[in-house]
Every structure is written in C-alpha cells, then in structure tokens.
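Content type mmCIF, C-alpha atoms, from the file entry-v1.cif:
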data_entry
loop_
_atom_site.group_PDB
_atom_site.id
_atom_site.type_symbol
_atom_site.label_atom_id
_atom_site.label_comp_id
_atom_site.auth_asym_id
_atom_site.auth_seq_id
_atom_site.Cartn_x
_atom_site.Cartn_y
_atom_site.Cartn_z
ATOM 1 C CA MET A 174 106.339 133.397 98.015
ATOM 2 C CA ASN A 175 105.635 133.210 94.300
ATOM 3 C CA GLU A 176 102.413 134.318 92.657
ATOM 4 C CA GLN A 177 100.936 130.819 92.449
ATOM 5 C CA GLU A 178 101.615 130.111 96.131
ATOM 6 C CA GLN A 179 100.237 133.458 97.216
ATOM 7 C CA GLN A 180 96.830 132.789 95.705
ATOM 8 C CA ILE A 181 96.358 129.343 97.298
ATOM 9 C CA ARG A 182 94.243 129.632 100.439
ATOM 10 C CA ILE A 183 94.797 126.834 102.946
ATOM 11 C CA ALA A 184 92.893 125.527 105.973
ATOM 12 C CA ILE A 185 94.124 122.893 108.438
ATOM 13 C CA VAL A 186 91.900 120.389 110.246
ATOM 14 C CA ASP A 187 93.565 118.403 113.032
ATOM 15 C CA ASP A 188 92.693 117.825 116.672
ATOM 16 C CA HIS A 189 96.307 118.116 117.865
ATOM 17 C CA GLU A 190 97.056 121.774 118.501
ATOM 18 C CA MET A 191 100.845 121.400 118.441
ATOM 19 C CA PHE A 192 100.725 119.565 115.111
ATOM 20 C CA ARG A 193 98.509 122.255 113.602
ATOM 21 C CA ALA A 194 100.909 124.910 114.819
ATOM 22 C CA GLY A 195 103.842 123.096 113.222
ATOM 23 C CA VAL A 196 102.069 122.703 109.881
ATOM 24 C CA ILE A 197 101.027 126.355 109.896
ATOM 25 C CA ALA A 198 104.602 127.443 110.640
ATOM 26 C CA THR A 199 105.822 125.328 107.712
ATOM 27 C CA LEU A 200 103.201 126.539 105.250
ATOM 28 C CA GLN A 201 102.743 130.190 106.239
ATOM 29 C CA PRO A 202 105.728 131.482 104.226
ATOM 30 C CA HIS A 203 104.268 129.858 101.121
ATOM 31 C CA PHE A 204 100.472 130.032 101.323
ATOM 32 C CA ASP A 205 97.619 132.095 102.698
ATOM 33 C CA ILE A 206 96.450 130.276 105.853
ATOM 34 C CA VAL A 207 92.779 131.195 106.241
ATOM 35 C CA GLY A 208 91.512 128.844 108.942
ATOM 36 C CA GLN A 209 92.027 125.938 111.311
ATOM 37 C CA ALA A 210 89.758 123.657 113.307
ATOM 38 C CA SER A 211 89.916 120.624 115.579
ATOM 39 C CA ASP A 212 86.522 118.886 115.409
ATOM 40 C CA VAL A 213 83.821 118.000 112.909
ATOM 41 C CA GLU A 214 81.368 120.793 113.689
ATOM 42 C CA GLY A 215 84.024 123.489 113.915
ATOM 43 C CA SER A 216 85.657 122.320 110.703
ATOM 44 C CA VAL A 217 82.448 122.395 108.681
ATOM 45 C CA ALA A 218 81.652 125.888 109.980
ATOM 46 C CA MET A 219 85.195 127.121 109.292
ATOM 47 C CA ILE A 220 85.217 125.739 105.743
ATOM 48 C CA ALA A 221 81.782 127.219 105.038
ATOM 49 C CA GLN A 222 82.976 130.623 106.227
ATOM 50 C CA THR A 223 86.463 130.772 104.706
ATOM 51 C CA LYS A 224 85.959 128.646 101.550
ATOM 52 C CA PRO A 225 89.637 127.666 101.249
ATOM 53 C CA ASN A 226 91.174 126.341 98.056
ATOM 54 C CA VAL A 227 92.765 123.392 99.844
ATOM 55 C CA VAL A 228 91.985 121.772 103.200
ATOM 56 C CA LEU A 229 94.592 119.597 104.902
ATOM 57 C CA LEU A 230 92.344 117.050 106.564
ATOM 58 C CA ASP A 231 93.151 114.607 109.340
ATOM 59 C CA VAL A 232 91.216 111.338 109.140
ATOM 60 C CA HIS A 233 90.464 110.975 112.861
ATOM 61 C CA VAL A 234 88.717 114.107 114.106
ATOM 62 C CA PRO A 235 86.303 114.115 117.072
ATOM 63 C CA GLY A 236 82.691 115.271 117.021
ATOM 64 C CA GLY A 237 79.806 114.918 114.625
ATOM 65 C CA LYS A 238 78.504 111.414 114.099
ATOM 66 C CA GLY A 239 81.927 109.815 114.428
ATOM 67 C CA GLY A 240 82.783 109.918 110.743
ATOM 68 C CA GLY A 241 85.903 112.036 111.212
ATOM 69 C CA GLY A 242 87.534 113.500 108.139
ATOM 70 C CA ALA A 243 85.184 111.773 105.699
ATOM 71 C CA GLU A 244 82.177 113.280 107.503
ATOM 72 C CA ILE A 245 83.725 116.750 107.369
ATOM 73 C CA LEU A 246 84.380 116.382 103.663
ATOM 74 C CA MET A 247 80.855 115.269 102.822
ATOM 75 C CA LYS A 248 79.171 117.908 104.996
ATOM 76 C CA SER A 249 81.395 120.708 103.681
ATOM 77 C CA ARG A 250 80.860 119.999 100.001
ATOM 78 C CA ALA A 251 77.542 121.858 99.881
ATOM 79 C CA TYR A 252 79.009 124.959 101.542
ATOM 80 C CA SER A 253 82.253 125.120 99.566
ATOM 81 C CA PRO A 254 81.978 122.957 96.425
ATOM 82 C CA ASN A 255 85.250 124.149 94.914
ATOM 83 C CA THR A 256 87.395 123.294 97.948
ATOM 84 C CA VAL A 257 89.880 120.454 97.408
ATOM 85 C CA PHE A 258 90.767 118.122 100.273
ATOM 86 C CA LEU A 259 94.179 116.568 100.893
ATOM 87 C CA ALA A 260 94.173 114.009 103.713
ATOM 88 C CA LEU A 261 97.169 114.383 106.027
ATOM 89 C CA SER A 262 97.148 111.618 108.608
ATOM 90 C CA VAL A 263 99.370 109.452 110.772
ATOM 91 C CA SER A 264 97.236 106.482 109.681
ATOM 92 C CA ASP A 265 98.025 104.390 106.630
ATOM 93 C CA SER A 266 95.313 101.769 107.140
ATOM 94 C CA PRO A 267 93.234 100.692 104.115
ATOM 95 C CA GLN A 268 90.019 101.579 105.943
ATOM 96 C CA ASP A 269 91.086 105.156 106.641
ATOM 97 C CA VAL A 270 92.486 105.688 103.158
ATOM 98 C CA GLY A 271 89.394 104.230 101.525
ATOM 99 C CA SER A 272 86.938 106.241 103.617
ATOM 100 C CA VAL A 273 88.270 109.676 102.709
ATOM 101 C CA ILE A 274 89.033 108.798 99.085
ATOM 102 C CA ARG A 275 85.490 107.556 98.570
ATOM 103 C CA ALA A 276 84.213 110.692 100.296
ATOM 104 C CA GLY A 277 86.036 112.736 97.652
ATOM 105 C CA ALA A 278 89.540 113.587 98.903
ATOM 106 C CA GLN A 279 91.887 114.506 96.074
ATOM 107 C CA GLY A 280 94.873 112.914 97.783
ATOM 108 C CA TYR A 281 96.229 111.211 100.897
ATOM 109 C CA VAL A 282 99.670 111.651 102.422
ATOM 110 C CA THR A 283 101.011 110.522 105.788
ATOM 111 C CA LYS A 284 102.485 112.747 108.478
ATOM 112 C CA THR A 285 105.961 111.394 107.763
ATOM 113 C CA ILE A 286 105.976 113.643 104.677
ATOM 114 C CA SER A 287 108.657 116.343 104.539
ATOM 115 C CA GLY A 288 107.767 120.015 104.545
ATOM 116 C CA ASP A 289 108.949 120.484 100.966
ATOM 117 C CA ASP A 290 106.940 117.492 99.743
ATOM 118 C CA LEU A 291 103.833 118.711 101.571
ATOM 119 C CA ILE A 292 104.153 122.107 99.889
ATOM 120 C CA SER A 293 104.543 120.344 96.521
ATOM 121 C CA SER A 294 101.539 118.086 97.234
ATOM 122 C CA ILE A 295 99.342 121.081 98.049
ATOM 123 C CA LYS A 296 100.267 122.743 94.771
ATOM 124 C CA GLN A 297 99.527 119.564 92.836
ATOM 125 C CA VAL A 298 96.056 118.977 94.306
ATOM 126 C CA TYR A 299 95.282 122.659 93.788
ATOM 127 C CA GLU A 300 96.141 122.181 90.112
ATOM 128 C CA GLY A 301 93.798 119.189 89.887
ATOM 129 C CA TYR A 302 96.189 116.288 90.289
ATOM 130 C CA ALA A 303 95.667 113.357 92.645
ATOM 131 C CA VAL A 304 98.523 112.954 95.126
ATOM 132 C CA PHE A 305 99.192 109.909 97.285
ATOM 133 C CA SER A 306 102.092 108.605 99.340
ATOM 134 C CA PRO A 307 103.615 105.794 97.241
ATOM 135 C CA LYS A 308 103.091 103.126 99.943
ATOM 136 C CA LEU A 309 99.338 103.842 99.865
ATOM 137 C CA ALA A 310 98.953 103.171 96.154
ATOM 138 C CA GLY A 311 97.484 99.691 96.573
ATOM 139 C CA PHE A 312 94.762 100.962 98.892
ATOM 140 C CA VAL A 313 93.966 103.831 96.554
ATOM 141 C CA LEU A 314 93.673 101.568 93.540
ATOM 142 C CA SER A 315 91.399 99.240 95.508
ATOM 143 C CA ALA A 316 89.178 102.204 96.339
ATOM 144 C CA PHE A 317 88.970 103.089 92.643
ATOM 145 C CA GLN A 318 88.259 99.506 91.635
ATOM 146 C CA ASN A 319 85.424 99.289 94.161
ATOM 147 C CA GLY A 320 83.770 102.377 92.724
ATOM 148 C CA SER A 321 84.896 105.835 91.660
ATOM 149 C CA PRO A 322 85.123 108.106 94.727
ATOM 150 C CA ALA A 323 82.738 111.030 94.873
ATOM 151 C CA GLY A 324 84.338 114.204 93.646
ATOM 152 C CA MET A 325 87.177 112.450 91.846
ATOM 153 C CA GLY A 326 87.279 112.675 88.062
ATOM 154 C CA GLY A 327 87.793 109.572 86.025
ATOM 155 C CA SER A 328 87.364 108.156 82.612
ATOM 156 C CA ALA A 329 84.637 105.614 82.116
ATOM 157 C CA GLY A 330 85.630 102.035 82.768
ATOM 158 C CA GLY A 331 85.699 99.516 80.003
ATOM 159 C CA PRO A 332 87.329 96.387 78.714
ATOM 160 C CA ILE A 333 91.105 96.196 78.571
ATOM 161 C CA ARG A 334 92.364 97.752 75.376
ATOM 162 C CA ASP A 335 95.832 96.461 74.567
ATOM 163 C CA ASP A 336 96.111 98.857 71.670
ATOM 164 C CA GLU A 337 95.870 101.794 74.103
ATOM 165 C CA LEU A 338 98.808 100.497 76.147
ATOM 166 C CA ASP A 339 100.732 99.769 72.950
ATOM 167 C CA ARG A 340 100.613 103.465 72.079
ATOM 168 C CA LEU A 341 103.073 104.109 74.907
ATOM 169 C CA SER A 342 106.812 103.553 74.670
ATOM 170 C CA ASN A 343 108.478 101.334 77.278
ATOM 171 C CA ARG A 344 109.692 104.395 79.198
ATOM 172 C CA GLU A 345 106.260 106.005 79.048
ATOM 173 C CA GLN A 346 104.736 102.823 80.455
ATOM 174 C CA GLU A 347 107.230 102.875 83.334
ATOM 175 C CA VAL A 348 106.399 106.505 84.111
ATOM 176 C CA MET A 349 102.668 105.838 83.751
ATOM 177 C CA ARG A 350 102.711 102.975 86.253
ATOM 178 C CA LEU A 351 104.600 104.995 88.877
ATOM 179 C CA ILE A 352 102.373 108.055 88.447
ATOM 180 C CA ALA A 353 99.282 105.837 88.717
ATOM 181 C CA ARG A 354 100.667 104.406 91.967
ATOM 182 C CA GLY A 355 100.791 107.904 93.435
ATOM 183 C CA TYR A 356 104.453 108.784 92.999
ATOM 184 C CA THR A 357 105.301 112.482 92.720
ATOM 185 C CA TYR A 358 107.286 113.707 89.721
ATOM 186 C CA LYS A 359 110.330 113.988 92.002
ATOM 187 C CA GLU A 360 109.934 110.383 93.181
ATOM 188 C CA VAL A 361 109.487 109.101 89.621
ATOM 189 C CA ALA A 362 112.636 110.945 88.561
ATOM 190 C CA ALA A 363 114.614 109.391 91.409
ATOM 191 C CA GLU A 364 113.222 105.908 90.730
ATOM 192 C CA LEU A 365 114.035 105.977 87.010
ATOM 193 C CA PHE A 366 117.190 108.121 87.211
ATOM 194 C CA ILE A 367 115.819 110.796 84.903
ATOM 195 C CA SER A 368 115.155 114.509 85.380
ATOM 196 C CA ILE A 369 111.884 115.927 86.690
ATOM 197 C CA LYS A 370 111.529 117.796 83.396
ATOM 198 C CA THR A 371 111.779 114.506 81.516
ATOM 199 C CA VAL A 372 109.111 113.012 83.774
ATOM 200 C CA GLU A 373 106.830 115.960 83.001
ATOM 201 C CA THR A 374 107.418 115.455 79.272
ATOM 202 C CA HIS A 375 106.588 111.737 79.497
ATOM 203 C CA VAL A 376 103.432 112.380 81.551
ATOM 204 C CA SER A 377 102.209 114.948 79.029
ATOM 205 C CA SER A 378 102.822 112.461 76.234
ATOM 206 C CA VAL A 379 101.031 109.652 78.115
ATOM 207 C CA LEU A 380 97.975 111.811 78.812
ATOM 208 C CA ARG A 381 97.856 112.969 75.193
ATOM 209 C CA LYS A 382 98.177 109.454 73.741
ATOM 210 C CA LEU A 383 95.540 108.014 76.107
ATOM 211 C CA GLN A 384 93.277 111.054 75.678
ATOM 212 C CA LEU A 385 93.146 111.697 79.446
ATOM 213 C CA SER A 386 93.030 115.065 81.181
ATOM 214 C CA ASN A 387 94.995 114.593 84.398
ATOM 215 C CA ARG A 388 96.659 112.188 86.840
ATOM 216 C CA THR A 389 93.356 111.326 88.494
ATOM 217 C CA GLU A 390 91.994 109.970 85.219
ATOM 218 C CA LEU A 391 95.290 108.165 84.591
ATOM 219 C CA THR A 392 95.052 106.405 87.972
ATOM 220 C CA ARG A 393 91.514 105.282 87.187
ATOM 221 C CA TRP A 394 92.533 104.168 83.687
ATOM 222 C CA ALA A 395 95.365 102.038 85.096
ATOM 223 C CA ALA A 396 93.192 100.667 87.912
ATOM 224 C CA ASP A 397 90.455 99.620 85.495
ATOM 225 C CA ARG A 398 93.018 97.612 83.575
ATOM 226 C CA ARG A 399 94.842 96.261 86.649
ATOM 227 C CA ILE A 400 98.184 97.105 85.080
ATOM 228 C CA VAL A 401 99.901 98.786 88.034
#
Is it possible to express this structure as structure tokens?
Amino acid sequence: MNEQEQQIRIAIVDDHEMFRAGVIATLQPHFDIVGQASDVEGSVAMIAQTKPNVVLLDVHVPGGKGGGGAEILMKSRAYSPNTVFLALSVSDSPQDVGSVIRAGAQGYVTKTISGDDLISSIKQVYEGYAVFSPKLAGFVLSAFQNGSPAGMGGSAGGPIRDDELDRLSNREQEVMRLIARGYTYKEVAAELFISIKTVETHVSSVLRKLQLSNRTELTRWAADRRIV
C-alpha cells in the first residue's frame, strides 16, 4: 500500500452482503475501509459517523423514501460535504445513471469492472476527476446537457467557440473526445496505441489550452459543444 492509497478512506454501500465482502477483500490491501451499509438509513448514518473520502454507492438500495443511491447521496451531503461518491452498480440504464449523476456522484462504473480498474477509479475520483465506464458516456453527457449535476464542477456554458477547438492538435482532440466520454487514461492509451504517459501529457496540454481545471470541466465543455 503506497502513501496515497493509505490515506484514502473508503465506505461501501450495497444491499448484497456477499458482493460487499468481495469488494472489501479486493480493496482492503489498498485502502482504509472505514464503513459499510446496506440500506438508505444505515448508509446515511454510517457516512455521517465515518466521513469517508470516497463512498462506493449502489444505485438500488432499500429503505428511505425509495430514492436509493441518489437519496443517500443527497441526505449525506450535509453530514459529510467533502465525501466523494462513485456509483458502482449492475445497472447501466439511462435513468439510473442520470439520477445519481444529477444528485452529485463524481463517477459511475458498472460491476463488470475489474479489481485493478476499480482501484484506479477510486484514486481518480479522490483526486477530483470524473470517472465513467465508456459505454455510459452518452447517458452522462445527456445528464450534463440537461443541467449540471449538483456537486459536479463545470465551466459555464456558452456558444460554440471554434477557435477554442482549433487550439488543440488533431491528437489532442482525439484524446479530449475519449476523456470526455469517460475513458480512463489506460483505455485511451489502448484505443490510440500510445503510452499512458503520453495520454497524461496530452490531457495536461488540453486542460491548459482550454483553461479548464479537471476532467469534469472538460466533459462539460465537450457536452456544451456537442463535439463528442
């Protein structure tokens, strides 16, 4: 466990005990697991007490008023405003994705994700990046276009500015579009047959040229211009 991993405190919300146990077993060597819960009320209480850095949040959780993960997120915000939520669900429906993104989740990945990719996703949301399974990108962009989700940063919308896009090289535009769709650095590297380090260099250049702070703002920027 490196120093960065050691300081990230994780909580898991899922109503399937065996799944929670499997996730905990996968993550425990890498992070500090501080809590787990299986329903809305218990999750809100656990988050308020433990104040984790990152919560892995299932979308469909019993209890409360039937709002599931989105309800947990909204109710927990007052008790632990600095906690970041990463949805981890078997569902990939637009309704489920949209509900938790609008409630303020920093990312959404499906339960088909590998252990290594889940660990990477947790680190990225902890650092302030938005992380989504690539196949969910269209839903995520629709959620942005219908209104910026609570808790998600974003640059102000505006008219399409061709000169902004023209600042980017062809390769930077390719990287930008994939990142905006929710691809991880590893997935972008595989898609474009370049190294992860090169992807990182291109992303830094894109953010600098567009005067954006992070991937969340980049996703909103691309969504506003419908260029992904």
Going by the chain IDs and residue numbers used in this file, which residues fall under the PyMOL selection byres ((chain A and resi 230-236) around 7)? Write them as a short mmCIF file (atom, residue, chain, number, x, y, z; two decimals) with C-alpha atoms, keeping the file's coordinate frame.
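In the end it all went to out.cif:
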data_model
loop_
_atom_site.label_atom_id
_atom_site.label_comp_id
_atom_site.auth_asym_id
_atom_site.auth_seq_id
_atom_site.Cartn_x
_atom_site.Cartn_y
_atom_site.Cartn_z
CA ILE A 185 94.12 122.89 108.44
CA VAL A 186 91.90 120.39 110.25
CA ASP A 187 93.56 118.40 113.03
CA ASP A 188 92.69 117.82 116.67
CA SER A 211 89.92 120.62 115.58
CA ASP A 212 86.52 118.89 115.41
CA VAL A 213 83.82 118.00 112.91
CA GLU A 214 81.37 120.79 113.69
CA VAL A 228 91.98 121.77 103.20
CA LEU A 229 94.59 119.60 104.90
CA GLY A 237 79.81 114.92 114.62
CA LYS A 238 78.50 111.41 114.10
CA GLY A 239 81.93 109.82 114.43
CA GLY A 241 85.90 112.04 111.21
CA GLY A 242 87.53 113.50 108.14
CA ALA A 243 85.18 111.77 105.70
CA PHE A 258 90.77 118.12 100.27
CA LEU A 259 94.18 116.57 100.89
CA ALA A 260 94.17 114.01 103.71
CA LEU A 261 97.17 114.38 106.03
CA SER A 262 97.15 111.62 108.61
CA ASP A 269 91.09 105.16 106.64
#
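Closest approach to Leu380 of chain A among A:Asp397, A:Tyr356, A:Val270, A:Leu338 is made by A:Leu338 (distances from only C-alpha atoms).
Atom CA of Thr283 of chain A to atom CA of Ser266 of chain A spans 10.5 Å [interatomic distance, one decimal].
Picture a line from atom CA of Val348 of chain A to atom CA of Val227 of chain A; it runs 26.8 Å.
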Next on the checklist: I'd like the residues picked by the PyMOL selection byres ((chain A and resi 256) around 9) written out as a list in words, using the chain letters and numbers from the file.
Outcome noted: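 Given this file, the PyMOL selection byres ((chain A and resi 256) around 9) evaluates to Ile220, Lys224, Pro225, Asn226, Val227, Val228, Ser249, Arg250, Ser253, Pro254, Asn255, Val257, Phe258 and Tyr299 of chain A.
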Next on the checklist: When you count only C-alpha atoms, which of these residues is closest to Gly301 of chain A: A:Ala194, A:Gln279, A:Ser287, A:Pro202?
Outcome noted: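 Once distances to Gly301 of chain A are computed over only C-alpha atoms, the minimum belongs to A:Gln279.
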Item to check | Pairwise distance for atom CA of Asp265 of chain A and atom CA of Thr285 of chain A, rounded to one decimal in Å | outcome: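 Separation between atom CA of Asp265 of chain A and atom CA of Thr285 of chain A: 10.6 Å.
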Checklist entry - So which one's closest to Gln384 of chain A, A:Glu347, A:Glu337, A:Arg182, A:Phe192? Using all atoms listed in the file, please. => result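 For Gln384 of chain A, the nearest of the given residues is A:Glu337.
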Checklist entry - Quick one: residues within 12 Å of segment 341-343 of chain A, all atoms listed in the file counted, chain neighbours fewer than 3 positions away excluded, as a list in words? => result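 Residues meeting the cut-off are Asp335, Asp336, Glu337, Leu338, Gln346, Glu347, Val348, Met349, Arg350, His375, Val376, Ser377, Ser378, Val379, Leu380, Arg381, Lys382 and Leu383 of chain A.
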Checklist entry - Applied to the shown file, which residues does the PyMOL selection byres ((chain A and resi 392) around 9) return, written as a PyMOL selection string? => result chain A and resi 303+314+317+327+349-350+352-355+387-391+393-397
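For the set A:Leu385, A:Leu309, A:Val304, A:Leu246, the residue with the smallest atom-to-atom gap to Gln268 of chain A is A:Leu309, counting only C-alpha atoms.
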Which residues are near Leu365 of chain A? Cut-off 10 Å, only C-alpha atoms, ignore same chain within fewer than 3 positions. Put them as a compact mmCIF listing (two decimals) with C-alpha atoms, keeping the file's coordinate frame.
# COMPACT_ATOMS: atom_id res chain seq x y z
CA ARG A 344 109.69 104.40 79.20
CA GLU A 347 107.23 102.88 83.33
CA VAL A 348 106.40 106.50 84.11
CA LEU A 351 104.60 105.00 88.88
CA GLU A 360 109.93 110.38 93.18
CA VAL A 361 109.49 109.10 89.62
CA ALA A 362 112.64 110.94 88.56
CA SER A 368 115.16 114.51 85.38
CA VAL A 372 109.11 113.01 83.77
Checklist entry - Using all atoms listed in the file, which residues sit within 7 Å of Asp205 of chain A once same-chain residues fewer than 2 positions away are excluded, as a list in words? => result Gln179, Ile181, Arg182, Ile183, Gln201 and Val207 of chain A
To test the calculation: enclose all listed atoms of segment 181-200 of chain A in a box whose edges run along x, y and z, add 8 Å on each side, then state centre and edge lengths in Å to one decimal, as AutoDock Vina command-line options.
--center_x 98.9 --center_y 123.7 --center_z 107.9 --size_x 29.9 --size_y 27.8 --size_z 37.2
